[in-house]
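Down below is the structure, laid out as structure tokens.
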Amino acid sequence: MVPIPTTHKGRNFLRVSDFEADDIKTILEHAQRLKTRQRERIPHRLLEDRTLALIFEKPSTRTRVSFEVGMAQLGGTALDLQQSGLQLGTSESLRDTAMVLSRYVDGIVFRTHDQASLDELALHAEVPVINGLTNVHHPCQALADLMTIKERFDSLDTVHVTFLGDGNNNVCHSLIEACAAMGMSLVVGSPAGYEPAEEIRQNAAATAALTGATIGYVGNPREAAKGADVLYTDVWTSMGKEDETARRRADFALFGLDKAIVDEASERAIVMHCLPAHVGEEVTEDVLYGERSAVWDQAENRLHAQKALLTLIIR
Ligand code: CP
Ligand code: NVA
């Protein structure tokens, strides 16, 4: 196996923009090699005796299970620390939790409500901290997204990606940062009031000026979908915003991925969704389970991309 660079040891992964394009390329290449090893059942115990702590303040299937299974396959251990069983949030601060966990474990995955809480934990941790999803970013998802696009099209910078739906959510923000870093073409189609955060847009524009990426924002879903090689969507109502569900269903009504929208895309178009999906809202059943769907590969690639990330940053 090609040696893993040691230059990234100890680094955090709090947002895609923490990493340069070359770092991401290294992760994607390594992830693909690990995927082959896993599929062929070739042992790859690259993190023997290492321990990863998982703290989830919101539900998770993919992120939790892929990190747990990934650590096991790498010869290490993952500890799923149920937040309700920790002192954190009741009688202990993020700072003290970070300092104590750093004495026991070799890395921490944190899924939390506010990016600021993640940044606070990372500030005080002495081991790498990985963002398992916040209100603003979902960088691990973006790694699997890039891996899936590269697998399907054998390149990234010749692929035109369209994200349709809530441009102001974590998955879209991380996709924007990923496409900007890798010099890709991306259009975000979202209704007025659900555009990506200004800071994300500005940073992406600055990155795109260096990488040659083109990142556009439109309010018309058909225009956004036209000619797309990747049609990507996510739920209209992210975790924590459930009280806005009815309003969002109305606001996003024209932004669902159905056959008519898919027909606007390119002939080679694939459909992506980070999951969990709300079938009948942002995606129809025929599209989610149809022949263009890359969704299940995308979910699988969470495992491989995160294993590559772990081997790169854990000491
Ligand atoms: N896509 C994703 O992060 O899924 P989970 O919420 O199940 O982890
Ligand atoms: N935007 C979604 C992603 C879930 C993986 C949410 O935050 O609920």
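Residue numbering restarts at 1 in every chain; chains get A, B, ... in the order shown in the structure tokens, and ligands count up from 1 in that same order.
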Per-residue DSSP, stretch 58-242 of chain A, filtered to alpha helix (DSSP H), as a PyMOL selection string: chain A and resi 62-73+94-104+115-124+139-153+170-181+198-211+221-225
Selection as a VMD selection string: residues within 9 Å of ligand 1 by only C-alpha atoms and all ligand atoms: chain A and resid 58 to 66 111 132 to 133 138 140 to 141 171 239 273 to 276 299 302
Need to verify the contact set: A:Ala192, 12 Å, only C-alpha atoms, exclusion of same-chain residues closer than 3 positions in sequence. Can you return it as a PDB file with all heavy atoms, in the first residue's frame?
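Heads up, here's the output in part.pdb:
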ATOM      1  N   GLY A 165     -32.574  22.703  -3.407  1.00  0.00           N
ATOM      2  CA  GLY A 165     -33.248  22.632  -2.111  1.00  0.00           C
ATOM      3  C   GLY A 165     -32.754  23.693  -1.164  1.00  0.00           C
ATOM      4  O   GLY A 165     -32.593  24.865  -1.541  1.00  0.00           O
ATOM      5  N   ASP A 166     -32.492  23.281   0.083  1.00  0.00           N
ATOM      6  CA  ASP A 166     -32.115  24.233   1.134  1.00  0.00           C
ATOM      7  C   ASP A 166     -30.635  24.590   1.016  1.00  0.00           C
ATOM      8  O   ASP A 166     -29.774  23.883   1.533  1.00  0.00           O
ATOM      9  CB  ASP A 166     -32.417  23.613   2.500  1.00  0.00           C
ATOM     10  CG  ASP A 166     -32.167  24.598   3.637  1.00  0.00           C
ATOM     11  OD1 ASP A 166     -31.821  25.767   3.360  1.00  0.00           O
ATOM     12  OD2 ASP A 166     -32.321  24.200   4.807  1.00  0.00           O
ATOM     13  N   GLY A 167     -30.382  25.707   0.345  1.00  0.00           N
ATOM     14  CA  GLY A 167     -28.996  26.131   0.138  1.00  0.00           C
ATOM     15  C   GLY A 167     -28.328  26.574   1.419  1.00  0.00           C
ATOM     16  O   GLY A 167     -27.107  26.702   1.486  1.00  0.00           O
ATOM     17  N   ASN A 168     -29.137  26.819   2.434  1.00  0.00           N
ATOM     18  CA  ASN A 168     -28.608  27.356   3.690  1.00  0.00           C
ATOM     19  C   ASN A 168     -28.301  26.251   4.702  1.00  0.00           C
ATOM     20  O   ASN A 168     -28.128  26.522   5.887  1.00  0.00           O
ATOM     21  CB  ASN A 168     -29.619  28.364   4.265  1.00  0.00           C
ATOM     22  CG  ASN A 168     -29.006  29.229   5.345  1.00  0.00           C
ATOM     23  OD1 ASN A 168     -29.330  29.089   6.509  1.00  0.00           O
ATOM     24  ND2 ASN A 168     -28.099  30.099   4.965  1.00  0.00           N
ATOM     25  N   VAL A 188     -26.309  26.177  -7.210  1.00  0.00           N
ATOM     26  CA  VAL A 188     -27.229  25.925  -6.104  1.00  0.00           C
ATOM     27  C   VAL A 188     -28.568  26.553  -6.470  1.00  0.00           C
ATOM     28  O   VAL A 188     -28.640  27.764  -6.719  1.00  0.00           O
ATOM     29  CB  VAL A 188     -26.701  26.540  -4.785  1.00  0.00           C
ATOM     30  CG1 VAL A 188     -27.710  26.320  -3.655  1.00  0.00           C
ATOM     31  CG2 VAL A 188     -25.352  25.942  -4.422  1.00  0.00           C
ATOM     32  N   GLY A 189     -29.599  25.721  -6.540  1.00  0.00           N
ATOM     33  CA  GLY A 189     -30.950  26.220  -6.825  1.00  0.00           C
ATOM     34  C   GLY A 189     -31.769  26.173  -5.552  1.00  0.00           C
ATOM     35  O   GLY A 189     -32.047  25.091  -5.039  1.00  0.00           O
ATOM     36  N   GLU A 195     -30.993  30.822   0.575  1.00  0.00           N
ATOM     37  CA  GLU A 195     -29.701  30.827  -0.105  1.00  0.00           C
ATOM     38  C   GLU A 195     -28.603  30.472   0.893  1.00  0.00           C
ATOM     39  O   GLU A 195     -28.752  30.669   2.099  1.00  0.00           O
ATOM     40  CB  GLU A 195     -29.404  32.214  -0.690  1.00  0.00           C
ATOM     41  CG  GLU A 195     -30.342  32.652  -1.805  1.00  0.00           C
ATOM     42  CD  GLU A 195     -31.580  33.386  -1.290  1.00  0.00           C
ATOM     43  OE1 GLU A 195     -31.734  33.486  -0.042  1.00  0.00           O
ATOM     44  OE2 GLU A 195     -32.389  33.829  -2.119  1.00  0.00           O
ATOM     45  N   PRO A 196     -27.471  29.979   0.392  1.00  0.00           N
ATOM     46  CA  PRO A 196     -26.348  29.664   1.293  1.00  0.00           C
ATOM     47  C   PRO A 196     -25.909  30.902   2.071  1.00  0.00           C
ATOM     48  O   PRO A 196     -26.099  32.036   1.611  1.00  0.00           O
ATOM     49  CB  PRO A 196     -25.241  29.217   0.331  1.00  0.00           C
ATOM     50  CG  PRO A 196     -25.955  28.794  -0.906  1.00  0.00           C
ATOM     51  CD  PRO A 196     -27.182  29.639  -1.011  1.00  0.00           C
ATOM     52  N   TYR A 217     -25.687  30.687  -8.253  1.00  0.00           N
ATOM     53  CA  TYR A 217     -26.857  30.605  -7.372  1.00  0.00           C
ATOM     54  C   TYR A 217     -28.069  31.059  -8.177  1.00  0.00           C
ATOM     55  O   TYR A 217     -28.058  32.156  -8.744  1.00  0.00           O
ATOM     56  CB  TYR A 217     -26.660  31.506  -6.146  1.00  0.00           C
ATOM     57  CG  TYR A 217     -25.354  31.198  -5.422  1.00  0.00           C
ATOM     58  CD1 TYR A 217     -24.183  31.892  -5.731  1.00  0.00           C
ATOM     59  CD2 TYR A 217     -25.280  30.169  -4.483  1.00  0.00           C
ATOM     60  CE1 TYR A 217     -22.972  31.590  -5.108  1.00  0.00           C
ATOM     61  CE2 TYR A 217     -24.070  29.860  -3.859  1.00  0.00           C
ATOM     62  CZ  TYR A 217     -22.925  30.584  -4.174  1.00  0.00           C
ATOM     63  OH  TYR A 217     -21.732  30.274  -3.565  1.00  0.00           O
ATOM     64  N   VAL A 218     -29.100  30.206  -8.251  1.00  0.00           N
ATOM     65  CA  VAL A 218     -30.299  30.584  -9.004  1.00  0.00           C
ATOM     66  C   VAL A 218     -31.544  30.249  -8.184  1.00  0.00           C
ATOM     67  O   VAL A 218     -31.505  29.411  -7.277  1.00  0.00           O
ATOM     68  CB  VAL A 218     -30.377  29.867 -10.382  1.00  0.00           C
ATOM     69  CG1 VAL A 218     -29.173  30.198 -11.250  1.00  0.00           C
ATOM     70  CG2 VAL A 218     -30.529  28.384 -10.217  1.00  0.00           C
ATOM     71  N   GLY A 219     -32.641  30.918  -8.543  1.00  0.00           N
ATOM     72  CA  GLY A 219     -33.888  30.716  -7.801  1.00  0.00           C
ATOM     73  C   GLY A 219     -34.883  29.839  -8.545  1.00  0.00           C
ATOM     74  O   GLY A 219     -35.947  29.522  -8.022  1.00  0.00           O
ATOM     75  N   ASN A 220     -34.519  29.446  -9.775  1.00  0.00           N
ATOM     76  CA  ASN A 220     -35.456  28.658 -10.584  1.00  0.00           C
ATOM     77  C   ASN A 220     -34.954  27.209 -10.666  1.00  0.00           C
ATOM     78  O   ASN A 220     -33.875  26.954 -11.219  1.00  0.00           O
ATOM     79  CB  ASN A 220     -35.535  29.285 -11.985  1.00  0.00           C
ATOM     80  CG  ASN A 220     -36.485  28.519 -12.881  1.00  0.00           C
ATOM     81  OD1 ASN A 220     -36.498  27.289 -12.899  1.00  0.00           O
ATOM     82  ND2 ASN A 220     -37.284  29.251 -13.636  1.00  0.00           N
ATOM     83  N   PRO A 221     -35.722  26.254 -10.145  1.00  0.00           N
ATOM     84  CA  PRO A 221     -35.223  24.869 -10.060  1.00  0.00           C
ATOM     85  C   PRO A 221     -34.939  24.235 -11.426  1.00  0.00           C
ATOM     86  O   PRO A 221     -33.960  23.503 -11.589  1.00  0.00           O
ATOM     87  CB  PRO A 221     -36.337  24.121  -9.328  1.00  0.00           C
ATOM     88  CG  PRO A 221     -37.540  24.998  -9.368  1.00  0.00           C
ATOM     89  CD  PRO A 221     -37.056  26.403  -9.523  1.00  0.00           C
ATOM     90  N   ARG A 248     -41.771  25.200   5.322  1.00  0.00           N
ATOM     91  CA  ARG A 248     -40.744  24.751   4.375  1.00  0.00           C
ATOM     92  C   ARG A 248     -41.338  23.878   3.267  1.00  0.00           C
ATOM     93  O   ARG A 248     -40.941  23.980   2.110  1.00  0.00           O
ATOM     94  CB  ARG A 248     -39.642  24.000   5.138  1.00  0.00           C
ATOM     95  CG  ARG A 248     -38.732  24.956   5.887  1.00  0.00           C
ATOM     96  CD  ARG A 248     -37.791  24.231   6.817  1.00  0.00           C
ATOM     97  NE  ARG A 248     -36.826  25.163   7.349  1.00  0.00           N
ATOM     98  CZ  ARG A 248     -35.603  25.394   6.826  1.00  0.00           C
ATOM     99  NH1 ARG A 248     -35.192  24.697   5.790  1.00  0.00           N
ATOM    100  NH2 ARG A 248     -34.809  26.288   7.343  1.00  0.00           N
ATOM    101  N   ASP A 251     -42.630  26.328   0.854  1.00  0.00           N
ATOM    102  CA  ASP A 251     -41.582  27.128   0.202  1.00  0.00           C
ATOM    103  C   ASP A 251     -40.761  26.315  -0.801  1.00  0.00           C
ATOM    104  O   ASP A 251     -40.272  26.850  -1.796  1.00  0.00           O
ATOM    105  CB  ASP A 251     -40.630  27.718   1.264  1.00  0.00           C
ATOM    106  CG  ASP A 251     -41.306  28.786   2.100  1.00  0.00           C
ATOM    107  OD1 ASP A 251     -42.391  29.258   1.703  1.00  0.00           O
ATOM    108  OD2 ASP A 251     -40.753  29.140   3.165  1.00  0.00           O
ATOM    109  N   PHE A 252     -40.597  25.026  -0.522  1.00  0.00           N
ATOM    110  CA  PHE A 252     -39.729  24.193  -1.371  1.00  0.00           C
ATOM    111  C   PHE A 252     -40.513  23.366  -2.392  1.00  0.00           C
ATOM    112  O   PHE A 252     -39.917  22.544  -3.098  1.00  0.00           O
ATOM    113  CB  PHE A 252     -38.887  23.239  -0.511  1.00  0.00           C
ATOM    114  CG  PHE A 252     -37.752  23.903   0.227  1.00  0.00           C
ATOM    115  CD1 PHE A 252     -37.838  24.183   1.578  1.00  0.00           C
ATOM    116  CD2 PHE A 252     -36.596  24.266  -0.452  1.00  0.00           C
ATOM    117  CE1 PHE A 252     -36.795  24.799   2.257  1.00  0.00           C
ATOM    118  CE2 PHE A 252     -35.545  24.890   0.213  1.00  0.00           C
ATOM    119  CZ  PHE A 252     -35.636  25.158   1.569  1.00  0.00           C
ATOM    120  N   PHE A 255     -39.091  22.477  -5.668  1.00  0.00           N
ATOM    121  CA  PHE A 255     -37.666  22.130  -5.689  1.00  0.00           C
ATOM    122  C   PHE A 255     -37.381  20.640  -5.502  1.00  0.00           C
ATOM    123  O   PHE A 255     -36.236  20.243  -5.318  1.00  0.00           O
ATOM    124  CB  PHE A 255     -36.911  22.966  -4.641  1.00  0.00           C
ATOM    125  CG  PHE A 255     -36.723  24.402  -5.080  1.00  0.00           C
ATOM    126  CD1 PHE A 255     -37.767  25.301  -4.991  1.00  0.00           C
ATOM    127  CD2 PHE A 255     -35.525  24.828  -5.622  1.00  0.00           C
ATOM    128  CE1 PHE A 255     -37.621  26.624  -5.426  1.00  0.00           C
ATOM    129  CE2 PHE A 255     -35.366  26.133  -6.065  1.00  0.00           C
ATOM    130  CZ  PHE A 255     -36.416  27.043  -5.966  1.00  0.00           C
TER     131      PHE A 255
END
Contacts of A:Val100 at 12 Å (only C-alpha atoms; same-chain gap of 2+ positions) as JSON, numbers by chain: {"A": [53, 86, 87, 88, 92, 93, 94, 95, 96, 97, 98, 102, 103, 104, 105, 106, 108, 121, 124, 125, 126, 127]}
Could you take the residues named above and write them with N, CA, C and O atoms, as an mmCIF file, in the first residue's frame?
data_model
loop_
_atom_site.group_PDB
_atom_site.id
_atom_site.type_symbol
_atom_site.label_atom_id
_atom_site.label_comp_id
_atom_site.auth_asym_id
_atom_site.auth_seq_id
_atom_site.Cartn_x
_atom_site.Cartn_y
_atom_site.Cartn_z
ATOM 1 N N ALA A 53 -13.405 8.696 20.066
ATOM 2 C CA ALA A 53 -14.631 8.968 20.828
ATOM 3 C C ALA A 53 -15.669 9.604 19.903
ATOM 4 O O ALA A 53 -15.334 10.481 19.092
ATOM 5 N N LEU A 86 -22.825 11.422 29.598
ATOM 6 C CA LEU A 86 -21.629 12.219 29.898
ATOM 7 C C LEU A 86 -21.976 13.351 30.862
ATOM 8 O O LEU A 86 -23.127 13.782 30.939
ATOM 9 N N GLN A 87 -20.966 13.881 31.516
ATOM 10 C CA GLN A 87 -21.172 15.073 32.352
ATOM 11 C C GLN A 87 -21.379 16.309 31.471
ATOM 12 O O GLN A 87 -21.927 17.311 31.911
ATOM 13 N N LEU A 88 -20.914 16.219 30.210
ATOM 14 C CA LEU A 88 -21.019 17.336 29.274
ATOM 15 C C LEU A 88 -22.477 17.792 29.141
ATOM 16 O O LEU A 88 -23.371 16.976 28.933
ATOM 17 N N GLU A 92 -20.457 19.709 33.204
ATOM 18 C CA GLU A 92 -19.078 19.887 32.748
ATOM 19 C C GLU A 92 -19.046 20.640 31.418
ATOM 20 O O GLU A 92 -19.915 20.456 30.557
ATOM 21 N N SER A 93 -18.034 21.474 31.261
ATOM 22 C CA SER A 93 -17.931 22.323 30.068
ATOM 23 C C SER A 93 -17.326 21.552 28.898
ATOM 24 O O SER A 93 -16.702 20.500 29.071
ATOM 25 N N LEU A 94 -17.463 22.147 27.718
ATOM 26 C CA LEU A 94 -16.817 21.591 26.527
ATOM 27 C C LEU A 94 -15.305 21.578 26.713
ATOM 28 O O LEU A 94 -14.618 20.643 26.315
ATOM 29 N N ARG A 95 -14.798 22.651 27.325
ATOM 30 C CA ARG A 95 -13.352 22.776 27.520
ATOM 31 C C ARG A 95 -12.799 21.623 28.351
ATOM 32 O O ARG A 95 -11.832 20.957 27.966
ATOM 33 N N ASP A 96 -13.446 21.363 29.510
ATOM 34 C CA ASP A 96 -12.936 20.304 30.388
ATOM 35 C C ASP A 96 -13.118 18.930 29.753
ATOM 36 O O ASP A 96 -12.266 18.046 29.882
ATOM 37 N N THR A 97 -14.255 18.768 29.050
ATOM 38 C CA THR A 97 -14.497 17.488 28.365
ATOM 39 C C THR A 97 -13.393 17.242 27.331
ATOM 40 O O THR A 97 -12.835 16.138 27.245
ATOM 41 N N ALA A 98 -13.070 18.290 26.561
ATOM 42 C CA ALA A 98 -12.029 18.161 25.536
ATOM 43 C C ALA A 98 -10.694 17.805 26.170
ATOM 44 O O ALA A 98 -9.967 16.933 25.674
ATOM 45 N N SER A 102 -8.949 14.060 25.723
ATOM 46 C CA SER A 102 -7.652 14.047 25.022
ATOM 47 C C SER A 102 -6.630 13.179 25.743
ATOM 48 O O SER A 102 -5.651 12.739 25.128
ATOM 49 N N ARG A 103 -6.827 12.956 27.067
ATOM 50 C CA ARG A 103 -5.898 12.091 27.818
ATOM 51 C C ARG A 103 -6.208 10.603 27.621
ATOM 52 O O ARG A 103 -5.420 9.752 28.015
ATOM 53 N N TYR A 104 -7.408 10.304 27.072
ATOM 54 C CA TYR A 104 -7.808 8.900 26.913
ATOM 55 C C TYR A 104 -7.820 8.433 25.463
ATOM 56 O O TYR A 104 -7.516 7.285 25.173
ATOM 57 N N VAL A 105 -8.272 9.311 24.570
ATOM 58 C CA VAL A 105 -8.548 8.855 23.195
ATOM 59 C C VAL A 105 -7.623 9.554 22.205
ATOM 60 O O VAL A 105 -6.942 10.520 22.545
ATOM 61 N N ASP A 106 -7.653 9.065 20.962
ATOM 62 C CA ASP A 106 -6.739 9.586 19.928
ATOM 63 C C ASP A 106 -7.445 10.497 18.932
ATOM 64 O O ASP A 106 -6.808 11.051 18.035
ATOM 65 N N ILE A 108 -11.623 12.692 18.307
ATOM 66 C CA ILE A 108 -13.009 12.900 18.770
ATOM 67 C C ILE A 108 -13.862 13.301 17.567
ATOM 68 O O ILE A 108 -13.497 14.213 16.817
ATOM 69 N N LEU A 121 -14.761 22.954 21.379
ATOM 70 C CA LEU A 121 -14.197 21.642 21.740
ATOM 71 C C LEU A 121 -12.825 21.468 21.092
ATOM 72 O O LEU A 121 -11.865 21.042 21.745
ATOM 73 N N HIS A 124 -9.770 23.286 22.627
ATOM 74 C CA HIS A 124 -9.196 22.768 23.872
ATOM 75 C C HIS A 124 -8.753 21.310 23.786
ATOM 76 O O HIS A 124 -8.131 20.807 24.727
ATOM 77 N N ALA A 125 -9.081 20.634 22.687
ATOM 78 C CA ALA A 125 -8.681 19.230 22.556
ATOM 79 C C ALA A 125 -7.229 19.144 22.110
ATOM 80 O O ALA A 125 -6.756 19.993 21.346
ATOM 81 N N GLU A 126 -6.543 18.126 22.583
ATOM 82 C CA GLU A 126 -5.151 17.911 22.163
ATOM 83 C C GLU A 126 -5.047 16.785 21.154
ATOM 84 O O GLU A 126 -3.946 16.366 20.797
ATOM 85 N N VAL A 127 -6.211 16.274 20.742
ATOM 86 C CA VAL A 127 -6.251 15.235 19.700
ATOM 87 C C VAL A 127 -7.124 15.775 18.565
ATOM 88 O O VAL A 127 -7.891 16.724 18.775
#
A:Ala72 environment, 10 Å, only C-alpha atoms, sequence neighbours closer than 2 positions dropped, as JSON, numbers by chain: {"A": [45, 47, 48, 50, 51, 66, 67, 68, 69, 70, 74, 75, 76, 77, 78]}
Take the selection from the previous step and output its residues with N, CA, C and O atoms, as an mmCIF file, in the first residue's frame.
data_model
loop_
_atom_site.group_PDB
_atom_site.id
_atom_site.type_symbol
_atom_site.label_atom_id
_atom_site.label_comp_id
_atom_site.auth_asym_id
_atom_site.auth_seq_id
_atom_site.Cartn_x
_atom_site.Cartn_y
_atom_site.Cartn_z
ATOM 1 N N ARG A 45 -5.015 -2.826 9.040
ATOM 2 C CA ARG A 45 -5.121 -2.374 10.436
ATOM 3 C C ARG A 45 -4.126 -1.227 10.684
ATOM 4 O O ARG A 45 -3.116 -1.386 11.353
ATOM 5 N N LEU A 47 -4.701 1.622 12.225
ATOM 6 C CA LEU A 47 -4.857 2.401 13.467
ATOM 7 C C LEU A 47 -4.996 1.473 14.680
ATOM 8 O O LEU A 47 -5.836 1.687 15.561
ATOM 9 N N GLU A 48 -4.133 0.462 14.693
ATOM 10 C CA GLU A 48 -4.171 -0.498 15.799
ATOM 11 C C GLU A 48 -3.954 0.214 17.129
ATOM 12 O O GLU A 48 -3.103 1.113 17.230
ATOM 13 N N ARG A 50 -5.598 2.418 18.537
ATOM 14 C CA ARG A 50 -6.089 3.794 18.639
ATOM 15 C C ARG A 50 -7.576 3.769 19.005
ATOM 16 O O ARG A 50 -8.294 2.831 18.664
ATOM 17 N N THR A 51 -7.996 4.831 19.685
ATOM 18 C CA THR A 51 -9.397 4.923 20.118
ATOM 19 C C THR A 51 -10.006 6.239 19.652
ATOM 20 O O THR A 51 -9.364 7.290 19.745
ATOM 21 N N SER A 66 -20.607 4.360 10.354
ATOM 22 C CA SER A 66 -19.404 4.313 9.500
ATOM 23 C C SER A 66 -18.141 4.604 10.304
ATOM 24 O O SER A 66 -17.099 4.001 10.050
ATOM 25 N N PHE A 67 -18.217 5.496 11.282
ATOM 26 C CA PHE A 67 -17.025 5.717 12.114
ATOM 27 C C PHE A 67 -16.752 4.507 13.011
ATOM 28 O O PHE A 67 -15.595 4.122 13.212
ATOM 29 N N GLU A 68 -17.807 3.913 13.557
ATOM 30 C CA GLU A 68 -17.595 2.736 14.435
ATOM 31 C C GLU A 68 -17.007 1.578 13.647
ATOM 32 O O GLU A 68 -16.003 0.966 14.058
ATOM 33 N N VAL A 69 -17.626 1.277 12.520
ATOM 34 C CA VAL A 69 -17.164 0.147 11.709
ATOM 35 C C VAL A 69 -15.780 0.458 11.131
ATOM 36 O O VAL A 69 -14.890 -0.406 11.100
ATOM 37 N N GLY A 70 -15.594 1.695 10.713
ATOM 38 C CA GLY A 70 -14.305 2.106 10.146
ATOM 39 C C GLY A 70 -13.174 1.898 11.132
ATOM 40 O O GLY A 70 -12.120 1.351 10.776
ATOM 41 N N LEU A 74 -9.977 -0.705 10.910
ATOM 42 C CA LEU A 74 -8.601 -0.193 10.968
ATOM 43 C C LEU A 74 -7.850 -0.737 12.186
ATOM 44 O O LEU A 74 -6.716 -0.338 12.457
ATOM 45 N N GLY A 75 -8.498 -1.610 12.928
ATOM 46 C CA GLY A 75 -7.838 -2.245 14.063
ATOM 47 C C GLY A 75 -7.930 -1.454 15.352
ATOM 48 O O GLY A 75 -7.314 -1.812 16.354
ATOM 49 N N GLY A 76 -8.691 -0.368 15.331
ATOM 50 C CA GLY A 76 -8.850 0.447 16.536
ATOM 51 C C GLY A 76 -10.220 0.251 17.169
ATOM 52 O O GLY A 76 -10.947 -0.697 16.847
ATOM 53 N N THR A 77 -10.555 1.156 18.066
ATOM 54 C CA THR A 77 -11.815 1.060 18.810
ATOM 55 C C THR A 77 -12.547 2.389 18.717
ATOM 56 O O THR A 77 -11.910 3.449 18.792
ATOM 57 N N ALA A 78 -13.865 2.333 18.569
ATOM 58 C CA ALA A 78 -14.672 3.557 18.652
ATOM 59 C C ALA A 78 -15.540 3.468 19.888
ATOM 60 O O ALA A 78 -16.116 2.417 20.189
#
